[in-house]
file upload02.txt (compact mmCIF, C-alpha atoms)
# COMPACT_ATOMS: atom_id res chain seq x y z
CA MET U 1 0.00 0.00 0.00
CA THR U 2 1.71 3.18 -1.18
CA THR U 3 -1.23 5.47 -0.62
CA GLY U 4 -0.88 8.36 1.72
CA THR U 5 -3.46 10.89 0.59
CA ILE U 6 -7.17 10.53 0.01
CA GLY U 7 -9.14 13.29 -1.73
CA ILE U 8 -12.89 13.37 -1.34
CA ILE U 9 -14.81 15.21 -4.07
CA GLY U 10 -18.04 16.62 -2.70
CA GLY U 11 -16.72 15.63 0.67
CA THR U 12 -18.64 17.95 2.97
CA GLY U 13 -21.81 15.81 3.15
CA PRO U 14 -22.39 12.94 5.61
CA GLU U 15 -20.79 10.22 3.42
CA GLY U 16 -17.68 12.29 2.66
CA ARG U 17 -17.21 13.38 6.28
CA GLY U 18 -17.79 9.81 7.43
CA LEU U 19 -15.14 8.34 5.13
CA ALA U 20 -12.76 11.21 6.00
CA THR U 21 -13.23 10.44 9.70
CA ARG U 22 -12.32 6.80 9.24
CA PHE U 23 -9.36 7.35 6.92
CA ALA U 24 -7.95 10.13 9.10
CA ARG U 25 -8.12 7.88 12.14
CA ALA U 26 -6.34 5.18 10.13
CA GLY U 27 -3.46 7.62 9.69
CA LEU U 28 -4.03 8.75 6.12
CA GLU U 29 -3.98 12.36 4.98
CA VAL U 30 -7.38 13.50 3.75
CA ILE U 31 -8.36 16.46 1.58
CA LEU U 32 -12.06 17.27 1.73
CA GLY U 33 -13.19 19.01 -1.44
CA SER U 34 -16.19 21.24 -1.96
CA ARG U 35 -17.62 23.45 -4.68
CA THR U 36 -16.88 26.44 -2.44
CA VAL U 37 -13.48 26.67 -0.84
CA GLU U 38 -14.85 28.07 2.43
CA ARG U 39 -17.17 25.11 2.99
CA GLY U 40 -14.35 22.71 2.21
CA ILE U 41 -11.99 24.38 4.66
CA GLU U 42 -14.66 24.48 7.37
CA ALA U 43 -15.52 20.78 6.94
CA GLY U 44 -11.83 19.89 6.95
CA ARG U 45 -11.32 21.78 10.23
CA GLU U 46 -14.30 20.06 11.82
CA VAL U 47 -13.21 16.53 10.85
CA ALA U 48 -9.62 17.32 11.91
CA ALA U 49 -10.90 18.44 15.31
CA VAL U 50 -12.95 15.25 15.82
CA THR U 51 -10.27 12.85 14.65
CA GLY U 52 -7.04 14.60 15.54
CA GLY U 53 -5.96 13.53 12.06
CA ALA U 54 -4.36 15.19 9.07
CA VAL U 55 -7.51 16.50 7.43
CA LYS U 56 -7.55 19.58 5.25
CA GLY U 57 -10.32 21.11 3.20
CA GLY U 58 -10.51 23.07 0.01
CA ARG U 59 -12.01 23.05 -3.45
CA ASN U 60 -12.85 19.87 -5.32
CA LEU U 61 -9.80 20.61 -7.50
CA ASP U 62 -7.62 20.42 -4.37
CA ALA U 63 -9.10 17.03 -3.47
CA ALA U 64 -8.32 15.86 -7.02
CA THR U 65 -4.59 16.24 -6.34
CA ALA U 66 -4.63 13.37 -3.82
CA GLU U 67 -3.29 9.95 -4.68
CA ILE U 68 -6.71 8.31 -4.50
CA VAL U 69 -9.89 10.24 -5.26
CA ILE U 70 -13.26 9.35 -3.77
CA LEU U 71 -16.53 10.67 -5.20
CA THR U 72 -19.32 11.39 -2.70
CA ILE U 73 -21.36 13.74 -4.89
CA PRO U 74 -25.03 13.22 -5.81
CA TYR U 75 -25.54 11.43 -9.11
CA GLU U 76 -27.24 14.51 -10.56
CA GLY U 77 -24.06 16.59 -10.23
CA LEU U 78 -21.76 14.04 -11.83
CA ARG U 79 -21.05 15.57 -15.22
CA ASP U 80 -20.81 19.20 -14.07
CA THR U 81 -18.48 18.27 -11.22
CA LEU U 82 -16.17 15.88 -13.06
CA GLN U 83 -15.65 17.59 -16.40
CA PRO U 84 -13.54 20.46 -14.99
CA LEU U 85 -11.49 17.91 -12.96
CA GLU U 86 -10.73 15.44 -15.75
CA ALA U 87 -7.23 16.72 -16.55
CA GLN U 88 -6.20 16.90 -12.88
CA ILE U 89 -7.54 13.45 -12.09
CA GLY U 90 -5.83 11.85 -15.07
CA GLU U 91 -5.04 8.18 -14.43
CA ARG U 92 -5.71 8.27 -10.69
CA ILE U 93 -7.74 5.66 -8.88
CA VAL U 94 -11.26 7.07 -8.55
CA ILE U 95 -13.71 5.41 -6.16
CA SER U 96 -17.38 5.92 -6.95
CA THR U 97 -19.56 5.62 -3.83
CA ILE U 98 -22.46 7.15 -5.75
CA VAL U 99 -25.93 5.63 -5.76
CA PRO U 100 -28.28 7.09 -8.37
CA MET U 101 -31.39 7.21 -6.21
CA GLN U 102 -34.54 9.27 -6.02
CA PHE U 103 -37.45 9.34 -3.58
CA LYS U 104 -41.04 9.28 -4.79
CA GLU U 105 -43.63 9.66 -2.03
CA GLY U 106 -40.89 8.66 0.40
CA ARG U 107 -40.08 5.44 -1.45
CA PRO U 108 -36.55 5.07 -2.77
CA SER U 109 -35.92 3.93 -6.31
CA MET U 110 -33.01 4.02 -8.72
CA THR U 111 -32.54 6.85 -11.19
CA ALA U 112 -31.81 5.78 -14.76
CA THR U 113 -28.12 6.12 -15.63
CA GLN U 114 -26.38 6.47 -18.96
CA THR U 115 -24.64 3.09 -18.78
CA GLY U 116 -26.37 1.02 -16.08
CA SER U 117 -24.55 2.36 -13.02
CA ALA U 118 -23.13 5.58 -11.64
CA ALA U 119 -19.69 3.95 -11.48
CA GLU U 120 -19.69 3.16 -15.20
CA ASP U 121 -20.90 6.69 -15.96
CA VAL U 122 -17.87 7.97 -14.01
CA GLN U 123 -15.59 5.82 -16.18
CA ILE U 124 -17.15 7.38 -19.30
CA LEU U 125 -16.58 10.89 -17.92
CA LEU U 126 -13.01 10.06 -16.78
CA PRO U 127 -11.81 7.64 -19.46
CA GLN U 128 -8.16 7.66 -18.28
CA ALA U 129 -8.96 7.11 -14.60
CA GLN U 130 -8.93 3.72 -12.86
CA VAL U 131 -12.52 3.73 -11.67
CA VAL U 132 -13.61 1.43 -8.84
CA GLY U 133 -17.14 1.11 -7.45
CA ALA U 134 -16.95 0.67 -3.65
CA PHE U 135 -18.15 1.91 -0.21
CA GLN U 136 -21.74 2.47 -1.47
CA THR U 137 -23.37 0.22 1.11
CA LEU U 138 -21.88 1.73 4.28
CA ALA U 139 -24.10 3.74 6.58
CA ALA U 140 -22.89 7.37 6.55
CA ARG U 141 -23.87 8.11 10.14
CA LYS U 142 -21.95 5.10 11.45
CA LEU U 143 -18.89 6.09 9.43
CA ALA U 144 -18.91 9.53 10.99
CA ASP U 145 -19.06 8.21 14.56
CA PRO U 146 -15.62 6.81 15.40
CA GLY U 147 -17.07 5.09 18.46
CA VAL U 148 -19.14 2.77 16.30
CA GLN U 149 -17.55 -0.51 15.22
CA LEU U 150 -18.22 -0.77 11.47
CA GLU U 151 -19.92 -3.86 10.08
CA GLY U 152 -20.46 -5.19 6.59
CA ASP U 153 -18.27 -5.70 3.56
CA VAL U 154 -16.94 -3.25 1.02
CA ILE U 155 -17.97 -4.77 -2.29
CA VAL U 156 -15.40 -3.78 -4.90
CA CYS U 157 -16.07 -3.72 -8.67
CA SER U 158 -13.55 -2.54 -11.24
CA ASP U 159 -12.08 -3.24 -14.64
CA HIS U 160 -8.66 -2.28 -13.19
CA PRO U 161 -7.46 -5.18 -11.03
CA SER U 162 -4.57 -3.37 -9.32
CA ALA U 163 -6.85 -0.46 -8.44
CA ALA U 164 -9.41 -2.93 -7.03
CA ARG U 165 -6.68 -4.43 -4.84
CA GLU U 166 -5.67 -1.01 -3.50
CA VAL U 167 -9.29 -0.23 -2.65
CA MET U 168 -9.65 -3.55 -0.82
CA GLU U 169 -6.58 -2.58 1.23
CA LEU U 170 -8.18 0.80 1.96
CA ALA U 171 -11.26 -1.03 3.25
CA GLU U 172 -9.09 -3.12 5.55
CA LEU U 173 -7.42 0.02 6.89
CA ILE U 174 -10.77 1.07 8.34
CA GLY U 175 -11.54 -2.40 9.68
CA LEU U 176 -13.72 -3.71 6.88
CA ARG U 177 -13.30 -6.60 4.49
CA GLY U 178 -13.06 -5.77 0.79
CA VAL U 179 -14.65 -8.36 -1.49
CA ASN U 180 -13.67 -8.47 -5.14
CA ALA U 181 -16.98 -8.67 -7.00
CA GLY U 182 -15.76 -8.53 -10.57
CA PRO U 183 -16.13 -5.98 -13.36
CA LEU U 184 -17.20 -2.36 -12.96
CA SER U 185 -20.54 -3.22 -14.57
CA ASN U 186 -21.43 -5.24 -11.44
CA SER U 187 -21.65 -1.89 -9.63
CA HIS U 188 -25.18 -1.86 -11.03
CA TYR U 189 -26.15 -4.54 -8.53
CA VAL U 190 -24.21 -2.99 -5.64
CA GLU U 191 -25.88 0.38 -6.20
CA GLY U 192 -29.20 -1.51 -6.18
CA ILE U 193 -28.33 -3.09 -2.83
CA THR U 194 -28.08 0.40 -1.37
CA ALA U 195 -31.57 1.25 -2.58
CA LEU U 196 -32.77 -1.98 -0.95
CA LEU U 197 -30.97 -1.14 2.31
CA VAL U 198 -32.66 2.28 2.38
CA SER U 199 -36.00 0.41 2.37
CA VAL U 200 -34.81 -1.99 5.04
CA ASN U 201 -33.60 0.95 7.16
CA ARG U 202 -36.99 2.64 6.96
CA ILE U 203 -38.86 -0.52 7.92
CA HIS U 204 -36.58 -1.55 10.78
CA ARG U 205 -35.45 1.93 11.91
CA LYS U 206 -31.80 0.88 11.78
CA GLU U 207 -28.79 1.76 9.67
CA THR U 208 -27.98 -1.49 7.93
CA GLY U 209 -25.23 -2.81 5.72
CA ILE U 210 -24.50 -5.97 3.79
CA LYS U 211 -22.11 -8.86 4.26
CA ILE U 212 -21.27 -11.66 1.85
CA VAL U 213 -21.24 -15.00 3.66
CA GLY U 214 -19.62 -18.28 2.62
CA ILE U 215 -16.31 -16.70 1.65
CA MET R 1 -47.64 -20.94 11.73
CA THR R 2 -50.46 -23.05 10.28
CA THR R 3 -48.58 -24.34 7.27
CA GLY R 4 -48.11 -28.03 6.86
CA THR R 5 -47.61 -28.56 3.13
CA ILE R 6 -45.16 -26.97 0.74
CA GLY R 7 -45.56 -27.47 -3.01
CA ILE R 8 -42.59 -26.77 -5.26
CA ILE R 9 -43.39 -25.99 -8.89
CA GLY R 10 -40.54 -27.05 -11.15
CA GLY R 11 -39.11 -28.71 -8.09
CA THR R 12 -36.85 -31.36 -9.62
CA GLY R 13 -33.86 -29.05 -10.22
CA PRO R 14 -31.15 -28.24 -7.66
CA GLU R 15 -32.98 -25.30 -6.04
CA GLY R 16 -36.27 -27.21 -5.71
CA ARG R 17 -34.62 -30.33 -4.34
CA GLY R 18 -32.55 -28.22 -1.98
CA LEU R 19 -35.54 -26.40 -0.51
CA ALA R 20 -37.48 -29.70 -0.35
CA THR R 21 -34.62 -31.25 1.59
CA ARG R 22 -34.60 -28.50 4.18
CA PHE R 23 -38.38 -28.25 4.60
CA ALA R 24 -38.76 -32.03 4.84
CA ARG R 25 -36.13 -32.17 7.56
CA ALA R 26 -37.98 -29.38 9.37
CA GLY R 27 -41.02 -31.69 9.49
CA LEU R 28 -43.14 -30.19 6.72
CA GLU R 29 -44.85 -32.22 4.01
CA VAL R 30 -43.43 -31.43 0.58
CA ILE R 31 -44.87 -32.07 -2.88
CA LEU R 32 -42.27 -31.81 -5.64
CA GLY R 33 -43.91 -30.86 -8.95
CA SER R 34 -42.62 -31.43 -12.44
CA ARG R 35 -43.90 -31.05 -15.99
CA THR R 36 -43.79 -34.85 -16.28
CA VAL R 37 -45.34 -36.89 -13.49
CA GLU R 38 -42.63 -39.58 -13.64
CA ARG R 39 -39.80 -37.11 -13.03
CA GLY R 40 -41.73 -35.56 -10.17
CA ILE R 41 -42.34 -38.93 -8.52
CA GLU R 42 -38.70 -39.95 -8.96
CA ALA R 43 -37.39 -36.70 -7.47
CA GLY R 44 -39.83 -37.02 -4.58
CA ARG R 45 -38.64 -40.56 -3.84
CA GLU R 46 -35.01 -39.46 -3.92
CA VAL R 47 -35.49 -36.53 -1.54
CA ALA R 48 -37.64 -38.68 0.76
CA ALA R 49 -34.86 -41.27 0.89
CA VAL R 50 -32.20 -38.67 1.78
CA THR R 51 -34.28 -36.83 4.37
CA GLY R 52 -36.52 -39.53 5.77
CA GLY R 53 -39.23 -36.90 5.46
CA ALA R 54 -42.72 -36.71 4.01
CA VAL R 55 -41.80 -35.88 0.43
CA LYS R 56 -43.97 -36.86 -2.52
CA GLY R 57 -43.63 -36.01 -6.16
CA GLY R 58 -46.04 -35.48 -9.02
CA ARG R 59 -47.11 -32.96 -11.60
CA ASN R 60 -46.84 -29.22 -11.10
CA LEU R 61 -50.63 -29.23 -10.65
CA ASP R 62 -50.21 -31.56 -7.67
CA ALA R 63 -47.66 -29.20 -6.11
CA ALA R 64 -50.15 -26.35 -6.60
CA THR R 65 -52.56 -28.02 -4.14
CA ALA R 66 -50.17 -27.42 -1.22
CA GLU R 67 -50.81 -24.67 1.31
CA ILE R 68 -47.78 -22.68 0.22
CA VAL R 69 -46.44 -22.84 -3.33
CA ILE R 70 -42.80 -22.19 -4.20
CA LEU R 71 -41.67 -21.47 -7.76
CA THR R 72 -38.23 -22.80 -8.76
CA ILE R 73 -38.73 -22.69 -12.53
CA PRO R 74 -36.51 -20.81 -14.97
CA TYR R 75 -37.74 -17.31 -15.78
CA GLU R 76 -38.22 -18.28 -19.42
CA GLY R 77 -40.88 -20.87 -18.51
CA LEU R 78 -42.90 -18.57 -16.28
CA ARG R 79 -45.96 -17.83 -18.39
CA ASP R 80 -46.36 -21.32 -19.90
CA THR R 81 -46.01 -22.96 -16.49
CA LEU R 82 -48.23 -20.64 -14.47
CA GLN R 83 -51.18 -20.02 -16.78
CA PRO R 84 -52.58 -23.59 -16.51
CA LEU R 85 -52.12 -23.44 -12.71
CA GLU R 86 -53.78 -20.09 -12.05
CA ALA R 87 -57.18 -21.47 -11.00
CA GLN R 88 -55.67 -24.10 -8.71
CA ILE R 89 -53.28 -21.66 -7.06
CA GLY R 90 -56.01 -19.10 -6.43
CA GLU R 91 -55.22 -16.94 -3.39
CA ARG R 92 -52.41 -19.12 -2.07
CA ILE R 93 -49.10 -17.76 -0.90
CA VAL R 94 -46.68 -18.10 -3.83
CA ILE R 95 -42.95 -17.67 -3.22
CA SER R 96 -40.89 -16.63 -6.22
CA THR R 97 -37.26 -17.74 -5.93
CA ILE R 98 -36.76 -16.95 -9.61
CA VAL R 99 -33.82 -14.90 -10.87
CA PRO R 100 -34.12 -13.79 -14.50
CA MET R 101 -30.52 -14.40 -15.52
CA GLN R 102 -28.64 -15.22 -18.66
CA PHE R 103 -25.00 -16.01 -19.38
CA LYS R 104 -23.10 -14.30 -22.18
CA GLU R 105 -19.58 -15.61 -22.73
CA GLY R 106 -19.79 -17.04 -19.22
CA ARG R 107 -20.70 -13.71 -17.62
CA PRO R 108 -24.02 -13.56 -15.82
CA SER R 109 -26.41 -10.70 -16.42
CA MET R 110 -30.08 -10.06 -15.79
CA THR R 111 -32.73 -10.78 -18.40
CA ALA R 112 -35.25 -7.99 -19.00
CA THR R 113 -38.58 -8.68 -17.28
CA GLN R 114 -42.03 -7.36 -17.99
CA THR R 115 -42.30 -5.40 -14.74
CA GLY R 116 -38.80 -5.05 -13.29
CA SER R 117 -38.56 -8.39 -11.48
CA ALA R 118 -39.56 -12.01 -11.90
CA ALA R 119 -41.54 -11.78 -8.65
CA GLU R 120 -43.68 -8.91 -9.94
CA ASP R 121 -44.20 -10.78 -13.22
CA VAL R 122 -45.53 -13.71 -11.15
CA GLN R 123 -48.00 -11.36 -9.45
CA ILE R 124 -49.23 -10.22 -12.88
CA LEU R 125 -49.70 -13.84 -14.01
CA LEU R 126 -51.36 -14.85 -10.70
CA PRO R 127 -53.30 -11.71 -9.75
CA GLN R 128 -55.21 -13.40 -6.89
CA ALA R 129 -52.17 -15.02 -5.29
CA GLN R 130 -50.23 -13.55 -2.37
CA VAL R 131 -46.86 -13.36 -4.08
CA VAL R 132 -43.67 -13.09 -2.02
CA GLY R 133 -40.13 -12.78 -3.37
CA ALA R 134 -37.76 -14.83 -1.17
CA PHE R 135 -35.04 -17.53 -1.04
CA GLN R 136 -33.36 -16.26 -4.25
CA THR R 137 -29.95 -15.73 -2.68
CA LEU R 138 -29.43 -19.18 -1.14
CA ALA R 139 -26.87 -21.52 -2.68
CA ALA R 140 -28.72 -24.53 -4.13
CA ARG R 141 -25.94 -27.02 -3.49
CA LYS R 142 -25.73 -26.07 0.19
CA LEU R 143 -29.50 -26.37 0.56
CA ALA R 144 -29.39 -29.90 -0.81
CA ASP R 145 -26.69 -31.04 1.62
CA PRO R 146 -28.33 -31.40 5.03
CA GLY R 147 -24.87 -31.62 6.64
CA VAL R 148 -24.12 -28.01 5.72
CA GLN R 149 -25.11 -25.30 8.19
CA LEU R 150 -26.91 -22.66 6.13
CA GLU R 151 -25.73 -19.04 6.28
CA GLY R 152 -27.19 -15.79 5.10
CA ASP R 153 -30.58 -14.13 5.33
CA VAL R 154 -33.80 -14.75 3.46
CA ILE R 155 -34.74 -11.32 2.15
CA VAL R 156 -38.52 -11.13 1.92
CA CYS R 157 -40.41 -8.71 -0.35
CA SER R 158 -44.18 -8.67 -0.70
CA ASP R 159 -47.22 -6.45 -0.97
CA HIS R 160 -49.07 -8.95 1.29
CA PRO R 161 -47.82 -8.40 4.87
CA SER R 162 -49.33 -11.56 6.40
CA ALA R 163 -47.85 -13.68 3.60
CA ALA R 164 -44.47 -12.04 4.16
CA ARG R 165 -44.69 -12.95 7.85
CA GLU R 166 -45.47 -16.60 7.05
CA VAL R 167 -42.49 -16.75 4.69
CA MET R 168 -40.21 -15.29 7.36
CA GLU R 169 -41.40 -18.06 9.69
CA LEU R 170 -40.66 -20.62 6.96
CA ALA R 171 -37.12 -19.26 6.75
CA GLU R 172 -36.71 -19.66 10.51
CA LEU R 173 -37.90 -23.26 10.29
CA ILE R 174 -34.81 -24.05 8.22
CA GLY R 175 -32.49 -22.09 10.50
CA LEU R 176 -32.33 -18.82 8.58
CA ARG R 177 -33.39 -15.31 9.47
CA GLY R 178 -36.11 -13.74 7.35
CA VAL R 179 -35.71 -10.00 6.83
CA ASN R 180 -38.70 -7.93 5.76
CA ALA R 181 -37.41 -5.80 2.89
CA GLY R 182 -40.59 -4.04 1.88
CA PRO R 183 -42.74 -4.13 -1.24
CA LEU R 184 -42.66 -6.80 -3.94
CA SER R 185 -41.00 -4.32 -6.29
CA ASN R 186 -37.86 -4.49 -4.12
CA SER R 187 -37.43 -8.04 -5.45
CA HIS R 188 -35.73 -6.30 -8.36
CA TYR R 189 -32.75 -5.56 -6.13
CA VAL R 190 -32.76 -8.99 -4.48
CA GLU R 191 -32.76 -10.73 -7.85
CA GLY R 192 -29.84 -8.47 -8.80
CA ILE R 193 -27.95 -9.56 -5.67
CA THR R 194 -28.11 -13.12 -6.94
CA ALA R 195 -26.54 -12.11 -10.25
CA LEU R 196 -23.79 -10.38 -8.25
CA LEU R 197 -23.27 -13.47 -6.08
CA VAL R 198 -22.88 -15.63 -9.18
CA SER R 199 -19.96 -13.36 -10.17
CA VAL R 200 -18.52 -13.51 -6.67
CA ASN R 201 -18.83 -17.31 -6.67
CA ARG R 202 -16.92 -17.57 -9.95
CA ILE R 203 -14.12 -15.30 -8.74
CA HIS R 204 -13.71 -16.87 -5.31
CA ARG R 205 -14.75 -20.45 -6.16
CA LYS R 206 -17.22 -20.53 -3.29
CA GLU R 207 -20.96 -20.70 -2.92
CA THR R 208 -21.80 -17.42 -1.27
CA GLY R 209 -24.88 -15.80 0.22
CA ILE R 210 -25.81 -12.45 1.67
CA LYS R 211 -26.50 -11.17 5.17
CA ILE R 212 -27.91 -7.85 6.26
CA VAL R 213 -25.93 -6.44 9.18
CA GLY R 214 -26.90 -3.79 11.71
CA ILE R 215 -30.35 -5.24 12.37

call {"tool": "encode", "arguments": {"input": "upload02.txt", "output": "structure tokens"}}
result
Amino acid sequence: MTTGTIGIIGGTGPEGRGLATRFARAGLEVILGSRTVERGIEAGREVAAVTGGAVKGGRNLDAATAEIVILTIPYEGLRDTLQPLEAQIGERIVISTIVPMQFKEGRPSMTATQTGSAAEDVQILLPQAQVVGAFQTLAARKLADPGVQLEGDVIVCSDHPSAAREVMELAELIGLRGVNAGPLSNSHYVEGITALLVSVNRIHRKETGIKIVGI
Amino acid sequence: MTTGTIGIIGGTGPEGRGLATRFARAGLEVILGSRTVERGIEAGREVAAVTGGAVKGGRNLDAATAEIVILTIPYEGLRDTLQPLEAQIGERIVISTIVPMQFKEGRPSMTATQTGSAAEDVQILLPQAQVVGAFQTLAARKLADPGVQLEGDVIVCSDHPSAAREVMELAELIGLRGVNAGPLSNSHYVEGITALLVSVNRIHRKETGIKIVGI
């Protein structure tokens, strides 16, 4: 594992702050990116204060300078956010945690994507990047609370095997098992699991995750 | 739990025999149905011999007389199999274990359905029945081997709450937890999980299942 810096694009929301919290506590440097530099800096300060870790904040372009880039933006903002970052991101490993979901009368359902999954859409928008779908099924609130022992697997899908391996090691750094689940196109099913878990959470009033058994 | 008889439509394949094995060992009567009466009778005799349980075989129409009906037919045969059984099935609880999957160059992917999931298609074909999507994510070979301790959850989706509860109790009878995962339309995601697990199984050379954590 050669990775020292994690950049989180759209990192000021619950998912981005949650992942930043865990990676900072694992000893990695984290750059939280935002559309507005002030919000990024503020979120970085807050997560640094909670974790005592090396967390900075800035613009999304600052986060894109990190060794590994994580996307925690809403699906709707994908194109507008990524196009200006394409040159900076280059061939970096890019982790899509995005779930293209909408709520109709309170019921979650998937939004149609260009390719079948948000992760594959990211690969289209960043053709040089090593895109990996992962971390979609983790509960944001549990990530953000360092006192909570995380549960569940990180299901990893990518067409770039070495990038998939690095992401599985990242998962292990925060105490979770990474499971190689094949090509990037399988992200379609993983993103669907998240929509299912949102239903399960509403029914059972819990924040749930998923684990693959028998392996 | 008032259920004593389980009928399995298309029950002579691995999934049907596997479920029959587990339910017979749990003390339920099982009727294994087939398109041809001879194959049904033979499969029934074989499962009865392995389990020492009350397993009979016959035609699919015989299986449709049971209190709860389980479908383990391929998606492609759905309409032709169910239409002649509609009157007999009536308002019974019908469990769809069906995953609409195809293999292209060895890679699994989902087949397009009429409604979004095989389970919802079953509800269209059997409008009076209480359709429940469940048991899709269990490994058939492990079901059929009574020496193997089953793992993983039975994720239960239905628009008929009392039917969903009965199916969760059925799951518990064979040592598994049933998890209420909301409306029948959520079967779309559960069927997708099975396609994902088929990929995971190929990569890791294991028979895997899925468990919801945090609940």

call {"tool": "interface_residues", "arguments": {"input": "upload02.txt", "of": "chain U", "to": "chain R", "cutoff": "6 Å", "atoms": "only C-alpha atoms", "output": "list in words"}}
result
Ala181, Tyr189, Gly192, Val200, Thr208, Gly209, Ile210, Lys211, Ile212, Val213 and Gly214 of chain U

call {"tool": "closest_residue", "arguments": {"input": "upload02.txt", "among": "R:Gly90, R:Pro100, R:Gly52, R:Gly133", "to": "R:Gly178", "atoms": "only C-alpha atoms"}}
result
R:Gly133

call {"tool": "residues_near_point", "arguments": {"input": "upload02.txt", "point": "(-40.9, -10.0, -14.9)", "cutoff": "10 Å", "atoms": "only C-alpha atoms", "output": "ChimeraX atom specification"}}
result
/R:75-76,78-79,98-100,111-125,188

call {"tool": "write_last_selection", "arguments": {"input": "upload02.txt", "atoms": "C-alpha atoms", "output": "PDB file, keeping the file's coordinate frame"}}
result
ATOM      1  CA  TYR R  75     -37.740 -17.310 -15.780  1.00  0.00           C
ATOM      2  CA  GLU R  76     -38.220 -18.280 -19.420  1.00  0.00           C
ATOM      3  CA  LEU R  78     -42.900 -18.570 -16.280  1.00  0.00           C
ATOM      4  CA  ARG R  79     -45.960 -17.830 -18.390  1.00  0.00           C
ATOM      5  CA  ILE R  98     -36.760 -16.950  -9.610  1.00  0.00           C
ATOM      6  CA  VAL R  99     -33.820 -14.900 -10.870  1.00  0.00           C
ATOM      7  CA  PRO R 100     -34.120 -13.790 -14.500  1.00  0.00           C
ATOM      8  CA  THR R 111     -32.730 -10.780 -18.400  1.00  0.00           C
ATOM      9  CA  ALA R 112     -35.250  -7.990 -19.000  1.00  0.00           C
ATOM     10  CA  THR R 113     -38.580  -8.680 -17.280  1.00  0.00           C
ATOM     11  CA  GLN R 114     -42.030  -7.360 -17.990  1.00  0.00           C
ATOM     12  CA  THR R 115     -42.300  -5.400 -14.740  1.00  0.00           C
ATOM     13  CA  GLY R 116     -38.800  -5.050 -13.290  1.00  0.00           C
ATOM     14  CA  SER R 117     -38.560  -8.390 -11.480  1.00  0.00           C
ATOM     15  CA  ALA R 118     -39.560 -12.010 -11.900  1.00  0.00           C
ATOM     16  CA  ALA R 119     -41.540 -11.780  -8.650  1.00  0.00           C
ATOM     17  CA  GLU R 120     -43.680  -8.910  -9.940  1.00  0.00           C
ATOM     18  CA  ASP R 121     -44.200 -10.780 -13.220  1.00  0.00           C
ATOM     19  CA  VAL R 122     -45.530 -13.710 -11.150  1.00  0.00           C
ATOM     20  CA  GLN R 123     -48.000 -11.360  -9.450  1.00  0.00           C
ATOM     21  CA  ILE R 124     -49.230 -10.220 -12.880  1.00  0.00           C
ATOM     22  CA  LEU R 125     -49.700 -13.840 -14.010  1.00  0.00           C
ATOM     23  CA  HIS R 188     -35.730  -6.300  -8.360  1.00  0.00           C
TER      24      HIS R 188
END

call {"tool": "atom_distance", "arguments": {"input": "upload02.txt", "atom1": "atom CA of R:Met168", "atom2": "atom CA of R:Ile41"}}
result
28.6 Å

call {"tool": "residues_near_point", "arguments": {"input": "upload02.txt", "point": "(-33.7, -25.0, -6.5)", "cutoff": "8 Å", "atoms": "all atoms listed in the file", "output": "number ranges by chain"}}
result
R: 11-19, 72, 140

call {"tool": "atom_distance", "arguments": {"input": "upload02.txt", "atom1": "atom CA of R:Val132", "atom2": "atom CA of R:Thr81"}}
result
17.7 Å

call {"tool": "atom_distance", "arguments": {"input": "upload02.txt", "atom1": "atom CA of U:Ile95", "atom2": "atom CA of U:Ala66"}}
result
12.3 Å

call {"tool": "residues_around", "arguments": {"input": "upload02.txt", "residues": "U:Gln128", "least_positions_apart": "2", "cutoff": "7 Å", "atoms": "only C-alpha atoms", "output": "list in words"}}
result
Gly90, Glu91, Leu126 and Gln130 of chain U

call {"tool": "closest_residue", "arguments": {"input": "upload02.txt", "among": "R:Leu32, R:Ser96, R:Gly7, R:Leu82", "to": "R:Ala164", "atoms": "only C-alpha atoms"}}
result
R:Ser96

call {"tool": "residues_around", "arguments": {"input": "upload02.txt", "residues": "R:Asp145", "least_positions_apart": "3", "cutoff": "8 Å", "atoms": "only C-alpha atoms", "output": "JSON, numbers by chain"}}
result
{"R": [18, 21, 141, 142, 148]}

call {"tool": "axis_aligned_box", "arguments": {"input": "upload02.txt", "around": "stretch 102-109 of chain R", "padding_each_side": "5 Å", "output": "JSON"}}
result
{"center_x": -24.1, "center_y": -13.9, "center_z": -19.3, "size_x": 19.1, "size_y": 16.3, "size_z": 16.9}

call {"tool": "closest_residue", "arguments": {"input": "upload02.txt", "among": "U:Gln102, U:Ala24, U:Val154, U:Val47", "to": "U:Glu172", "atoms": "all atoms listed in the file"}}
result
U:Val154

call {"tool": "closest_residue", "arguments": {"input": "upload02.txt", "among": "R:Arg25, R:Arg165, R:Arg35, R:Lys104", "to": "R:Ala63", "atoms": "all atoms listed in the file"}}
result
R:Arg35

call {"tool": "closest_residue", "arguments": {"input": "upload02.txt", "among": "R:Val131, R:Leu138, R:Ala26, R:Ala43", "to": "R:Glu169", "atoms": "all atoms listed in the file"}}
result
R:Ala26
